[in-house]
>>> print(open('upload.cif').read())   # mmCIF, C-alpha atoms
data_query
loop_
_atom_site.label_atom_id
_atom_site.label_comp_id
_atom_site.auth_asym_id
_atom_site.auth_seq_id
_atom_site.Cartn_x
_atom_site.Cartn_y
_atom_site.Cartn_z
CA MET A 1260 38.96 22.72 -47.07
CA SER A 1261 38.93 26.01 -45.24
CA GLY A 1262 37.55 27.55 -48.42
CA CYS A 1263 34.05 26.21 -47.85
CA HIS A 1264 34.31 26.66 -44.07
CA PRO A 1265 35.36 30.29 -43.60
CA LYS A 1266 37.30 31.13 -40.47
CA ALA A 1267 36.04 34.00 -38.36
CA ALA A 1268 39.58 35.12 -37.53
CA LEU A 1269 40.44 35.66 -41.20
CA LYS A 1270 37.56 38.14 -41.45
CA GLY A 1271 38.68 39.88 -38.28
CA LEU A 1272 35.70 38.58 -36.34
CA ALA A 1273 36.00 37.15 -32.84
CA GLY A 1274 33.49 35.07 -30.91
CA CYS A 1275 33.30 36.38 -27.34
CA HIS A 1276 34.70 33.86 -24.83
CA THR A 1277 32.00 34.78 -22.33
CA CYS A 1278 28.76 35.35 -24.23
CA GLY A 1279 29.49 34.00 -27.72
CA LYS A 1280 28.57 37.18 -29.61
CA VAL A 1281 30.53 37.62 -32.81
CA SER A 1282 32.01 41.10 -33.22
CA PRO A 1283 34.94 42.70 -35.06
CA VAL A 1284 38.04 42.18 -32.93
CA THR A 1285 38.99 45.84 -33.41
CA LEU A 1286 36.26 46.82 -30.93
CA GLY A 1287 38.52 45.54 -28.14
CA ARG A 1288 35.65 44.73 -25.82
CA CYS A 1289 32.48 42.74 -26.50
CA PRO A 1290 29.59 45.19 -27.03
CA ARG A 1291 27.23 42.81 -25.25
CA CYS A 1292 29.00 41.64 -22.10
CA GLY A 1293 32.12 43.81 -21.88
CA SER A 1294 34.69 40.98 -21.97
CA HIS A 1295 37.93 41.47 -23.87
CA LEU A 1296 37.80 40.18 -27.42
CA HIS A 1297 40.55 37.97 -28.78
CA LEU A 1298 40.93 36.09 -32.05
CA ARG A 1299 42.76 33.44 -30.01
CA LYS A 1300 43.27 33.19 -26.26
CA PRO A 1301 46.46 35.17 -25.52
CA ASN A 1302 49.61 33.11 -24.81
CA SER A 1303 47.50 29.99 -24.69
CA ILE A 1304 50.33 27.47 -25.18
CA HIS A 1305 52.63 29.17 -22.67
CA ARG A 1306 49.94 29.27 -20.03
CA THR A 1307 48.80 25.71 -20.64
CA VAL A 1308 52.36 24.39 -20.41
CA ALA A 1309 53.11 26.45 -17.29
CA PHE A 1310 50.04 25.21 -15.40
CA MET A 1311 50.66 21.68 -16.67
CA ALA A 1312 54.30 21.68 -15.54
CA ALA A 1313 53.29 22.92 -12.09
CA ALA A 1314 50.67 20.18 -11.87
CA ALA A 1315 53.16 17.53 -12.99
CA ALA A 1316 55.64 18.71 -10.34
CA LEU A 1317 53.00 18.34 -7.62
CA TYR A 1318 51.78 14.97 -8.89
CA ILE A 1319 54.69 13.02 -7.37
CA PRO A 1320 54.58 14.48 -3.82
CA SER A 1321 50.80 14.16 -3.86
CA HIS A 1322 51.17 10.39 -4.11
CA ILE A 1323 54.22 9.99 -1.84
CA LEU A 1324 53.11 12.19 1.06
CA PRO A 1325 50.26 10.98 3.30
CA VAL A 1326 46.86 12.52 2.57
CA MET A 1327 45.68 11.76 6.09
CA THR A 1328 46.97 10.44 9.39
CA MET A 1329 44.78 8.09 11.40
CA VAL A 1330 45.46 7.61 15.12
CA GLU A 1331 43.68 4.51 16.39
CA LEU A 1332 44.20 3.64 20.09
CA GLY A 1333 47.66 5.19 20.10
CA THR A 1334 48.89 3.63 16.87
CA VAL A 1335 49.63 6.13 14.12
CA GLU A 1336 48.83 5.16 10.53
CA ARG A 1337 49.69 7.37 7.57
CA HIS A 1338 47.49 6.90 4.53
CA THR A 1339 48.59 7.74 1.02
CA ILE A 1340 46.15 7.81 -1.91
CA ILE A 1341 47.61 4.59 -3.32
CA GLY A 1342 47.48 3.00 0.15
CA GLY A 1343 43.80 3.87 0.45
CA MET A 1344 43.13 2.29 -2.90
CA MET A 1345 45.08 -0.87 -1.98
CA TYR A 1346 43.06 -1.12 1.23
CA PHE A 1347 39.81 -1.30 -0.74
CA TRP A 1348 41.31 -3.71 -3.28
CA GLU A 1349 42.57 -6.11 -0.61
CA SER A 1350 39.30 -6.02 1.32
CA GLY A 1351 37.45 -7.03 -1.85
CA ALA A 1352 35.72 -3.72 -2.57
CA TYR A 1353 36.84 -3.75 -6.20
CA PRO A 1354 34.39 -1.17 -7.65
CA ILE A 1355 35.37 1.48 -5.12
CA ALA A 1356 39.08 0.66 -5.57
CA ILE A 1357 38.62 1.17 -9.31
CA VAL A 1358 36.80 4.49 -8.73
CA ILE A 1359 39.65 5.76 -6.54
CA PHE A 1360 42.29 4.49 -8.98
CA THR A 1361 40.55 6.19 -11.89
CA ALA A 1362 39.76 9.49 -10.16
CA SER A 1363 43.00 9.97 -8.22
CA ILE A 1364 45.75 8.24 -10.14
CA LEU A 1365 44.71 7.69 -13.73
CA ILE A 1366 42.76 10.88 -14.56
CA PRO A 1367 45.37 13.42 -13.33
CA PHE A 1368 48.09 11.45 -15.10
CA LEU A 1369 46.14 11.14 -18.34
CA LYS A 1370 45.08 14.76 -18.13
CA ILE A 1371 48.67 15.99 -17.89
CA GLY A 1372 49.58 13.67 -20.76
CA ALA A 1373 46.61 14.79 -22.87
CA LEU A 1374 47.43 18.47 -22.36
CA ALA A 1375 51.07 17.86 -23.30
CA TRP A 1376 49.93 16.08 -26.47
CA LEU A 1377 47.46 18.83 -27.33
CA CYS A 1378 50.16 21.48 -26.92
CA ALA A 1379 52.52 19.44 -29.12
CA ALA A 1380 49.81 19.13 -31.78
CA ALA A 1381 48.90 22.82 -31.58
CA THR A 1382 52.52 23.83 -32.20
CA GLY A 1383 52.89 21.39 -35.09
CA HIS A 1384 55.04 18.71 -33.47
CA THR A 1385 52.60 15.87 -34.07
CA HIS A 1386 50.06 15.38 -36.82
CA ARG A 1387 46.69 14.11 -35.74
CA LYS A 1388 43.13 14.75 -36.73
CA PRO A 1389 41.81 17.86 -34.99
CA GLU A 1390 38.36 16.21 -34.63
CA ARG A 1391 39.77 13.53 -32.36
CA LEU A 1392 42.00 15.97 -30.52
CA GLY A 1393 38.99 18.22 -29.98
CA LYS A 1394 37.14 15.31 -28.39
CA LEU A 1395 40.19 14.61 -26.23
CA PHE A 1396 40.19 18.23 -25.09
CA TRP A 1397 36.47 18.16 -24.30
CA PHE A 1398 36.88 14.91 -22.37
CA THR A 1399 39.84 16.35 -20.44
CA GLU A 1400 37.82 19.36 -19.37
CA LEU A 1401 34.89 17.16 -18.36
CA LEU A 1402 36.78 14.62 -16.26
CA GLY A 1403 39.26 16.78 -14.40
CA ARG A 1404 36.97 17.88 -11.59
CA TRP A 1405 36.22 14.31 -10.49
CA SER A 1406 39.74 14.02 -9.09
CA MET A 1407 38.69 16.29 -6.22
CA ILE A 1408 36.89 13.31 -4.71
CA ASP A 1409 39.92 12.34 -2.58
CA ILE A 1410 40.14 15.81 -1.07
CA PHE A 1411 36.48 15.64 -0.10
CA VAL A 1412 36.98 12.17 1.43
CA VAL A 1413 39.79 13.58 3.60
CA GLY A 1414 37.52 16.42 4.71
CA ILE A 1415 34.69 14.04 5.53
CA MET A 1416 36.94 11.64 7.45
CA VAL A 1417 38.55 14.46 9.44
CA SER A 1418 35.14 15.83 10.36
CA LEU A 1419 33.47 12.51 11.16
CA VAL A 1420 36.22 10.41 12.73
CA GLN A 1421 36.91 12.32 15.93
CA VAL A 1422 35.90 9.69 18.46
CA GLY A 1423 37.76 10.96 21.52
CA ASN A 1424 40.86 8.89 22.31
CA TYR A 1425 39.63 5.91 20.34
CA MET A 1426 40.23 7.17 16.82
CA THR A 1427 41.09 10.52 15.22
CA VAL A 1428 41.97 11.57 11.68
CA THR A 1429 44.05 14.59 10.68
CA PRO A 1430 44.77 15.83 7.14
CA GLY A 1431 48.26 15.30 5.72
CA PRO A 1432 50.43 17.40 3.35
CA GLY A 1433 49.70 15.10 0.40
CA ALA A 1434 46.11 16.33 0.31
CA LEU A 1435 47.18 19.93 -0.34
CA ALA A 1436 49.56 18.81 -3.09
CA PHE A 1437 46.80 16.74 -4.66
CA ALA A 1438 44.30 19.61 -4.55
CA GLY A 1439 47.00 21.65 -6.28
CA VAL A 1440 47.28 19.05 -9.05
CA VAL A 1441 43.53 19.09 -9.68
CA ILE A 1442 43.15 22.87 -9.66
CA LEU A 1443 46.26 23.48 -11.78
CA THR A 1444 45.18 20.95 -14.41
CA MET A 1445 41.76 22.63 -14.53
CA PHE A 1446 43.41 26.02 -15.13
CA SER A 1447 45.68 24.41 -17.70
CA ALA A 1448 42.73 22.99 -19.66
CA MET A 1449 40.91 26.34 -19.45
CA SER A 1450 43.95 28.14 -20.91
CA PHE A 1451 44.18 25.84 -23.90
CA GLU A 1452 42.90 27.16 -27.23
CA PRO A 1453 41.49 24.29 -29.37
CA ARG A 1454 41.29 26.54 -32.44
CA LEU A 1455 45.09 26.38 -32.69
CA LEU A 1456 44.73 22.71 -33.66
CA TRP A 1457 42.66 23.69 -36.70
CA ASP A 1458 44.98 26.58 -37.57
CA GLN A 1459 47.78 24.03 -37.62
CA LEU A 1460 45.81 21.77 -39.97
CA ASP A 1461 45.06 24.60 -42.37
CA GLY A 1462 48.59 25.97 -42.17
CA GLN A 1463 47.25 29.37 -41.17
CA SER A 1464 48.47 31.25 -38.20
CA VAL A 1465 46.53 34.03 -36.58
CA PRO A 1466 48.78 36.82 -35.36
CA GLU A 1467 48.52 37.45 -31.66
CA GLU A 1468 47.36 40.91 -30.82
CA THR A 1469 50.10 42.96 -29.29
CA ASP A 1470 48.09 46.13 -28.73
CA CYS A 1471 46.03 44.63 -25.92
CA PRO A 1472 47.90 44.60 -22.60
CA HIS A 1473 44.96 43.15 -20.66
CA GLU A 1474 44.61 39.52 -19.85
CA THR A 1475 41.32 37.71 -19.48
CA ILE A 1476 40.22 34.32 -18.31
CA MET B 1058 -4.37 19.28 -22.73
CA MET B 1059 -0.74 19.47 -21.71
CA GLU B 1060 0.31 19.70 -25.33
CA GLY B 1061 -1.87 22.74 -25.92
CA PHE B 1062 -0.54 24.43 -22.81
CA THR B 1063 3.11 23.98 -23.71
CA ARG B 1064 2.53 25.09 -27.30
CA ARG B 1065 0.97 28.36 -26.17
CA TRP B 1066 3.72 28.90 -23.61
CA ARG B 1067 6.40 28.35 -26.21
CA ALA B 1068 4.75 30.60 -28.73
CA ALA B 1069 4.62 33.36 -26.11
CA GLN B 1070 8.36 33.21 -25.49
CA PRO B 1071 10.37 32.35 -28.58
CA TRP B 1072 14.13 32.89 -28.61
CA PRO B 1073 14.35 36.57 -29.60
CA ALA B 1074 16.81 37.93 -32.13
CA PRO B 1075 18.83 40.94 -30.95
CA ARG B 1076 18.28 43.91 -33.23
CA ARG B 1077 21.91 44.74 -33.79
CA GLY B 1078 22.99 42.33 -36.50
CA PRO B 1079 24.56 40.70 -38.40
CA HIS B 1080 24.05 37.44 -36.63
CA TYR B 1081 26.84 34.96 -36.75
CA SER B 1082 27.97 32.10 -34.61
CA VAL B 1083 31.57 31.01 -34.27
CA CYS B 1084 32.54 27.46 -33.39
CA HIS B 1085 34.58 27.51 -30.20
CA PHE B 1086 36.63 24.53 -31.34
CA CYS B 1087 37.56 25.28 -34.94
CA ASP B 1088 36.64 28.99 -35.41
CA THR B 1089 34.35 28.32 -38.39
CA LEU B 1090 31.97 31.20 -39.03
CA HIS B 1091 28.29 30.31 -39.41
CA ASP B 1092 25.11 32.25 -40.01
CA ALA B 1093 23.18 31.91 -36.77
CA ASP B 1094 19.79 30.82 -38.11
CA ARG B 1095 16.88 30.37 -35.74
CA ILE B 1096 16.21 26.70 -35.05
CA PRO B 1097 13.00 25.11 -33.69
CA GLU B 1098 12.75 24.29 -30.00
CA GLY B 1099 14.42 21.05 -29.03
CA GLU B 1100 16.97 21.19 -31.84
CA ALA B 1101 20.68 21.89 -31.83
CA ALA B 1102 22.86 23.65 -34.37
CA LEU B 1103 26.10 21.79 -35.07
CA CYS B 1104 29.32 23.10 -36.54
CA ALA B 1105 29.49 22.30 -40.26
CA ARG B 1106 33.17 21.48 -40.03
CA CYS B 1107 33.86 19.74 -36.70
CA ASN B 1108 30.33 18.77 -35.61
CA ALA B 1109 30.66 20.40 -32.18
CA PRO B 1110 27.36 21.88 -30.92
CA LEU B 1111 27.13 25.62 -31.59
CA TYR B 1112 23.92 26.37 -29.73
CA GLN B 1113 20.74 24.56 -28.75
CA ASN B 1114 17.20 25.83 -28.52
CA ARG B 1115 15.86 24.28 -25.33
CA TYR B 1116 12.21 23.59 -24.61
CA ALA B 1117 10.58 26.22 -22.35
CA SER B 1118 14.10 27.35 -21.46
CA LEU B 1119 13.37 30.23 -19.06
CA THR B 1120 10.66 28.32 -17.21
CA ARG B 1121 12.88 25.28 -16.77
CA ALA B 1122 16.00 27.19 -15.80
CA SER B 1123 14.20 29.28 -13.18
CA ALA B 1124 12.12 26.36 -11.83
CA PHE B 1125 15.13 24.08 -11.47
CA SER B 1126 17.15 26.80 -9.77
CA VAL B 1127 14.35 27.20 -7.19
CA ALA B 1128 14.40 23.41 -6.69
CA ALA B 1129 18.19 23.54 -6.35
CA LEU B 1130 17.93 26.29 -3.71
CA VAL B 1131 15.47 24.19 -1.68
CA ALA B 1132 17.77 21.17 -1.96
CA ILE B 1133 20.77 23.30 -0.93
CA ALA B 1134 18.88 24.45 2.19
CA LEU B 1135 18.00 20.84 3.09
CA MET B 1136 21.58 19.74 2.45
CA HIS B 1137 22.83 22.26 5.01
CA VAL B 1138 20.16 21.55 7.63
CA PHE B 1139 20.29 17.75 7.67
CA PRO B 1140 23.40 15.56 8.10
CA LEU B 1141 24.86 13.79 5.07
CA LEU B 1142 26.23 10.85 7.07
CA ILE B 1143 25.44 9.58 10.56
CA MET B 1144 28.06 7.48 12.32
CA ASP B 1145 27.73 5.52 15.57
CA ALA B 1146 31.06 4.36 17.01
CA ALA B 1147 32.29 3.65 20.55
CA GLY B 1148 28.99 4.80 22.02
CA MET B 1149 29.18 8.18 20.29
CA ARG B 1150 27.03 9.52 17.51
CA ARG B 1151 28.63 11.88 15.02
CA SER B 1152 26.99 13.45 12.03
CA LEU B 1153 28.53 15.03 8.96
CA THR B 1154 27.42 18.34 7.51
CA LEU B 1155 28.97 20.19 4.60
CA SER B 1156 30.12 23.11 6.70
CA GLY B 1157 31.32 20.66 9.38
CA ALA B 1158 33.67 19.00 6.90
CA ALA B 1159 35.09 22.35 5.78
CA LEU B 1160 35.45 23.71 9.34
CA ALA B 1161 37.11 20.48 10.54
CA LEU B 1162 39.78 20.91 7.86
CA ILE B 1163 40.33 24.53 8.89
CA GLU B 1164 40.62 23.55 12.58
CA GLU B 1165 42.97 20.65 11.83
CA GLN B 1166 45.71 22.84 10.32
CA ALA B 1167 44.55 22.56 6.70
CA PRO B 1168 42.93 25.99 6.17
CA ILE B 1169 43.61 26.08 2.43
CA LEU B 1170 41.89 22.74 1.87
CA GLY B 1171 39.00 23.92 4.03
CA CYS B 1172 38.63 27.01 1.86
CA PHE B 1173 38.64 24.87 -1.30
CA VAL B 1174 35.87 22.71 0.16
CA ILE B 1175 33.85 25.83 1.07
CA LEU B 1176 34.35 27.32 -2.40
CA PHE B 1177 33.58 24.20 -4.42
CA THR B 1178 30.73 22.70 -2.42
CA ILE B 1179 29.07 25.61 -0.61
CA VAL B 1180 29.77 28.89 -2.42
CA ALA B 1181 29.78 27.71 -6.07
CA PRO B 1182 26.48 25.72 -6.01
CA LEU B 1183 24.70 28.45 -4.05
CA PHE B 1184 25.98 31.20 -6.33
CA LEU B 1185 25.08 29.18 -9.42
CA ALA B 1186 21.49 28.58 -8.27
CA LEU B 1187 20.96 32.14 -7.01
CA SER B 1188 22.43 33.82 -10.08
CA MET B 1189 20.51 31.56 -12.49
CA LEU B 1190 17.27 32.44 -10.71
CA TYR B 1191 18.19 36.13 -10.55
CA ILE B 1192 18.78 36.22 -14.30
CA THR B 1193 16.07 33.91 -15.67
CA PHE B 1194 13.08 34.76 -13.46
CA PRO B 1195 12.85 38.46 -14.45
CA LEU B 1196 13.52 37.43 -18.07
CA LEU B 1197 10.29 35.40 -17.97
CA PHE B 1198 8.57 38.79 -17.95
CA GLY B 1199 10.96 40.26 -20.50
CA VAL B 1200 12.87 42.29 -17.91
CA ALA B 1201 16.59 42.18 -17.16
CA ALA B 1202 17.39 42.39 -13.43
CA PRO B 1203 19.83 45.17 -12.41
CA GLY B 1204 23.39 44.03 -13.06
CA ALA B 1205 22.17 40.82 -14.70
CA LYS B 1206 24.97 40.90 -17.29
CA THR B 1207 27.68 41.07 -14.64
CA VAL B 1208 25.99 38.27 -12.72
CA ALA B 1209 25.77 36.17 -15.91
CA ARG B 1210 29.48 36.64 -16.60
CA TRP B 1211 30.38 35.47 -13.12
CA MET B 1212 27.90 32.62 -13.31
CA TYR B 1213 29.65 31.14 -16.33
CA VAL B 1214 33.05 31.66 -14.66
CA SER B 1215 31.91 29.81 -11.52
CA GLU B 1216 30.15 26.98 -13.34
CA PRO B 1217 33.09 24.54 -13.71
CA TRP B 1218 33.94 25.02 -10.02
CA ASN B 1219 30.63 23.67 -8.75
CA MET B 1220 31.51 20.21 -7.43
CA ALA B 1221 28.35 19.09 -5.62
CA GLU B 1222 28.31 15.81 -7.57
CA VAL B 1223 31.97 15.09 -6.81
CA PHE B 1224 31.30 15.67 -3.10
CA LEU B 1225 28.37 13.25 -3.33
CA LEU B 1226 30.67 10.50 -4.60
CA GLY B 1227 33.12 11.44 -1.84
CA VAL B 1228 30.38 10.81 0.73
CA VAL B 1229 29.76 7.34 -0.77
CA VAL B 1230 33.49 6.49 -0.66
CA SER B 1231 33.73 7.69 2.95
CA LEU B 1232 30.76 5.55 3.94
CA LEU B 1233 32.43 2.49 2.41
CA LYS B 1234 35.70 3.36 4.18
CA LEU B 1235 33.98 3.63 7.56
CA VAL B 1236 31.45 0.82 7.30
CA LYS B 1237 33.94 -1.73 8.72
CA VAL B 1238 34.82 0.21 11.86
CA ALA B 1239 31.52 1.90 12.68
CA ASP B 1240 27.80 1.87 12.10
CA VAL B 1241 27.32 4.41 9.31
CA GLN B 1242 24.23 5.42 7.41
CA PHE B 1243 23.17 8.07 4.92
CA GLY B 1244 21.26 11.05 6.30
CA VAL B 1245 18.59 13.19 4.65
CA GLY B 1246 21.35 15.61 3.61
CA PHE B 1247 22.84 12.98 1.32
CA PHE B 1248 19.65 12.75 -0.71
CA ALA B 1249 19.37 16.54 -0.68
CA CYS B 1250 22.91 16.67 -2.09
CA ALA B 1251 21.85 14.27 -4.87
CA GLY B 1252 18.97 16.68 -5.53
CA VAL B 1253 21.37 19.64 -5.71
CA MET B 1254 23.42 17.76 -8.29
CA VAL B 1255 20.41 16.91 -10.49
CA PHE B 1256 18.62 20.26 -10.21
CA LEU B 1257 21.71 22.38 -10.83
CA ALA B 1258 22.64 20.32 -13.87
CA ALA B 1259 19.07 20.65 -15.16
CA ALA B 1260 19.01 24.41 -14.53
CA VAL B 1261 22.31 25.03 -16.35
CA ALA B 1262 21.36 22.69 -19.21
CA GLY B 1263 17.87 24.23 -19.30
CA ILE B 1264 18.97 27.34 -21.17
CA ASP B 1265 21.68 27.68 -23.78
CA ARG B 1266 24.39 30.23 -23.08
CA GLU B 1267 23.75 32.03 -26.37
CA GLU B 1268 20.01 32.12 -25.75
CA LEU B 1269 20.48 33.55 -22.26
CA TRP B 1270 22.76 36.30 -23.60
CA ASP B 1271 20.47 37.04 -26.56
CA ARG B 1272 17.54 37.43 -24.18
CA LEU B 1273 19.60 39.68 -21.89
CA GLU B 1274 20.64 41.79 -24.86
CA VAL B 1275 17.03 42.19 -26.05
CA ALA B 1276 15.78 42.95 -22.53
CA THR B 1277 18.36 45.69 -21.96
CA GLU B 1278 17.98 47.37 -25.34
#
>>> encode(input="upload.cif", output="structure tokens")
Amino acid sequence: MSGCHPKAALKGLAGCHTCGKVSPVTLGRCPRCGSHLHLRKPNSIHRTVAFMAAAAALYIPSHILPVMTMVELGTVERHTIIGGMMYFWESGAYPIAIVIFTASILIPFLKIGALAWLCAAATGHTHRKPERLGKLFWFTELLGRWSMIDIFVVGIMVSLVQVGNYMTVTPGPGALAFAGVVILTMFSAMSFEPRLLWDQLDGQSVPEETDCPHETI
Amino acid sequence: MMEGFTRRWRAAQPWPAPRRGPHYSVCHFCDTLHDADRIPEGEAALCARCNAPLYQNRYASLTRASAFSVAALVAIALMHVFPLLIMDAAGMRRSLTLSGAALALIEEQAPILGCFVILFTIVAPLFLALSMLYITFPLLFGVAAPGAKTVARWMYVSEPWNMAEVFLLGVVVSLLKLVKVADVQFGVGFFACAGVMVFLAAAVAGIDREELWDRLEVATE
């Protein structure tokens, strides 16, 4: 199959990660934009797994710790992300409860799962069609940023709800943990190299360059 | 009439081919090597193996990218001047601005979160709009602005971190959270924020990454 679809890496050509120009990898740097050239992103699996593991570790505290504390006429209420979602569900605002559930609970969870699966497939532990996995990767990159919505809600509430002694809102430690989950999963997805999935299918492995000590994004 | 105008405009500014060949395109998903043939405006080149888009030739790309980045800059200015939400509660009126939300987080012992909000909703959209205009407007006249390549590199690095549209949804959720305890309404800033979202997306989608770099390469030769 790879016979009629020649791989750039086998000819020593690399597509620049920044500008897309195809040049011989021996040049070291892209002649057009100056970025480092790689046949494959360096240490892609290690980086993806490291960011993913850090995100998974933060996922649990982000849902247990309160994301904000509301003081209303002397009574202190601590809100977690799940609590906020339940509040909307119980008050009948189902669409918004579903949005919060999807953005804050489901997407980070699925994203960590998807990245783990992609890494397993890229190292040959599962056999799946790269086309579908490629779509999964694209979808993961696209959706991840929407999880930031809860952080922005905390910021908006803290800024807006400062009504003297009547009602105040302060941010909680869960919000920082949750922001960490979102940002780390974004870095994890950016570190992943989808071409490894196709290398796995073709049974070809591209040697990682050892002569290049520099790291790029 | 319009048809004739756009045809002439297009013919004046076709996607140029950089002189230093050979011209290939590599699929970023499966690494298949393709000959990068010129395609007519409005069409996309797809990977022969995995069907992922390789590059797209957009209609009137430079005009659209620079015009939408000007529109985005205007919307960004409006978004900062006017409040996004206005809340009346307990006889007090409070209004929400973008910088207000970020500064409130910094004052309330969450400086890191405040910095994230500043980066993702203030710095990234502004940088994206400014850099797109800085690159594409001089290119309309076939000139590359000083340092345009460096700016373009950073523009594509910052692109995934622009979260104006996520903030917009956050404003909607906050309004629904507060509507039971206070009288809340959208301000002009909210609609400006919606404009930022649309115009920035249109500006970035207005010109393909490969086309922008090809034009930069030709202009700096």
>>> interface_residues(input="upload.cif", of="chain B", to="chain A", cutoff="7 Å", atoms="all atoms listed in the file", output="ChimeraX atom specification")
/B:1081-1083,1086-1090,1106-1107,1151-1153,1157-1159,1161-1162,1165,1167,1170,1206,1210,1223-1224,1226-1228,1230-1231,1266-1267,1270,1274
>>> residues_around(input="upload.cif", residues="range 1071-1077 of chain B", least_positions_apart="4", cutoff="10 Å", atoms="all atoms listed in the file", output="MDAnalysis selection string")
chainID B and resid 1066:1067 1093:1098 1114:1119 1267:1276 1278
>>> write_last_selection(input="upload.cif", atoms="C-alpha atoms", output="compact mmCIF listing (two decimals), in the coordinates of the input")
# COMPACT_ATOMS: atom_id res chain seq x y z
CA TRP B 1066 3.72 28.90 -23.61
CA ARG B 1067 6.40 28.35 -26.21
CA ALA B 1093 23.18 31.91 -36.77
CA ASP B 1094 19.79 30.82 -38.11
CA ARG B 1095 16.88 30.37 -35.74
CA ILE B 1096 16.21 26.70 -35.05
CA PRO B 1097 13.00 25.11 -33.69
CA GLU B 1098 12.75 24.29 -30.00
CA ASN B 1114 17.20 25.83 -28.52
CA ARG B 1115 15.86 24.28 -25.33
CA TYR B 1116 12.21 23.59 -24.61
CA ALA B 1117 10.58 26.22 -22.35
CA SER B 1118 14.10 27.35 -21.46
CA LEU B 1119 13.37 30.23 -19.06
CA GLU B 1267 23.75 32.03 -26.37
CA GLU B 1268 20.01 32.12 -25.75
CA LEU B 1269 20.48 33.55 -22.26
CA TRP B 1270 22.76 36.30 -23.60
CA ASP B 1271 20.47 37.04 -26.56
CA ARG B 1272 17.54 37.43 -24.18
CA LEU B 1273 19.60 39.68 -21.89
CA GLU B 1274 20.64 41.79 -24.86
CA VAL B 1275 17.03 42.19 -26.05
CA ALA B 1276 15.78 42.95 -22.53
CA GLU B 1278 17.98 47.37 -25.34
>>> residues_around(input="upload.cif", residues="Leu1135 in chain B", least_positions_apart="3", cutoff="12 Å", atoms="all atoms listed in the file", output="PyMOL selection string")
chain B and resi 1128-1132+1138-1141+1154-1155+1244-1253
>>> write_last_selection(input="upload.cif", atoms="C-alpha atoms", output="JSON list (two decimals), keeping the file's coordinate frame")
[["chain", "number", "residue", "atom", "x", "y", "z"],
["B", 1128, "ALA", "CA", 14.40, 23.41, -6.69],
["B", 1129, "ALA", "CA", 18.19, 23.54, -6.35],
["B", 1130, "LEU", "CA", 17.93, 26.29, -3.71],
["B", 1131, "VAL", "CA", 15.47, 24.19, -1.68],
["B", 1132, "ALA", "CA", 17.77, 21.17, -1.96],
["B", 1138, "VAL", "CA", 20.16, 21.55, 7.63],
["B", 1139, "PHE", "CA", 20.29, 17.75, 7.67],
["B", 1140, "PRO", "CA", 23.40, 15.56, 8.10],
["B", 1141, "LEU", "CA", 24.86, 13.79, 5.07],
["B", 1154, "THR", "CA", 27.42, 18.34, 7.51],
["B", 1155, "LEU", "CA", 28.97, 20.19, 4.60],
["B", 1244, "GLY", "CA", 21.26, 11.05, 6.30],
["B", 1245, "VAL", "CA", 18.59, 13.19, 4.65],
["B", 1246, "GLY", "CA", 21.35, 15.61, 3.61],
["B", 1247, "PHE", "CA", 22.84, 12.98, 1.32],
["B", 1248, "PHE", "CA", 19.65, 12.75, -0.71],
["B", 1249, "ALA", "CA", 19.37, 16.54, -0.68],
["B", 1250, "CYS", "CA", 22.91, 16.67, -2.09],
["B", 1251, "ALA", "CA", 21.85, 14.27, -4.87],
["B", 1252, "GLY", "CA", 18.97, 16.68, -5.53],
["B", 1253, "VAL", "CA", 21.37, 19.64, -5.71]]
>>> residues_around(input="upload.cif", residues="Ser1123 in chain B", least_positions_apart="5", cutoff="12 Å", atoms="all atoms listed in the file", output="list in words")
Ala1117, Ser1118, Ala1128, Ala1129, Leu1130, Leu1185, Ala1186, Leu1187, Ser1188, Met1189, Leu1190, Tyr1191, Ile1192, Thr1193, Phe1194, Pro1195, Leu1196, Leu1197, Phe1256, Leu1257, Ala1259, Ala1260, Val1261, Ala1262, Gly1263, Ile1264 and Leu1269 of chain B
>>> atom_distance(input="upload.cif", atom1="CA of Ala1205 in chain B", atom2="CA of Thr1277 in chain B")
9.5 Å
>>> closest_residue(input="upload.cif", among="A:Gly1271, A:Met1311, A:Ile1364, A:Leu1402", to="Ile1323 in chain A", atoms="all atoms listed in the file")
A:Ile1364
>>> residues_around(input="upload.cif", residues="Ile1319 in chain A", least_positions_apart="5", cutoff="10 Å", atoms="only C-alpha atoms", output="list of chain:residue names")
A:Ala1314, A:Leu1324, A:Gly1433, A:Ala1436, A:Phe1437, A:Val1440
>>> atom_distance(input="upload.cif", atom1="CA of His1297 in chain A", atom2="CA of Ala1315 in chain A")
28.7 Å
>>> closest_residue(input="upload.cif", among="B:Gly1199, B:Leu1235, B:Val1208, B:Gln1242", to="Gln1070 in chain B", atoms="only C-alpha atoms")
B:Gly1199
>>> atom_distance(input="upload.cif", atom1="CA of Ile1175 in chain B", atom2="CA of Tyr1213 in chain B")
18.7 Å
>>> axis_aligned_box(input="upload.cif", around="range 1279-1291 of chain A", padding_each_side="6 Å", output="AutoDock Vina command-line options")
--center_x 33.1 --center_y 40.4 --center_z -30.2 --size_x 23.8 --size_y 24.8 --size_z 21.8
>>> residues_around(input="upload.cif", residues="Gly1372 in chain A", least_positions_apart="5", cutoff="12 Å", atoms="all atoms listed in the file", output="PyMOL selection string")
chain A and resi 1308+1311-1312+1314-1315+1365-1367+1377-1379+1395-1396+1399+1444+1447-1448
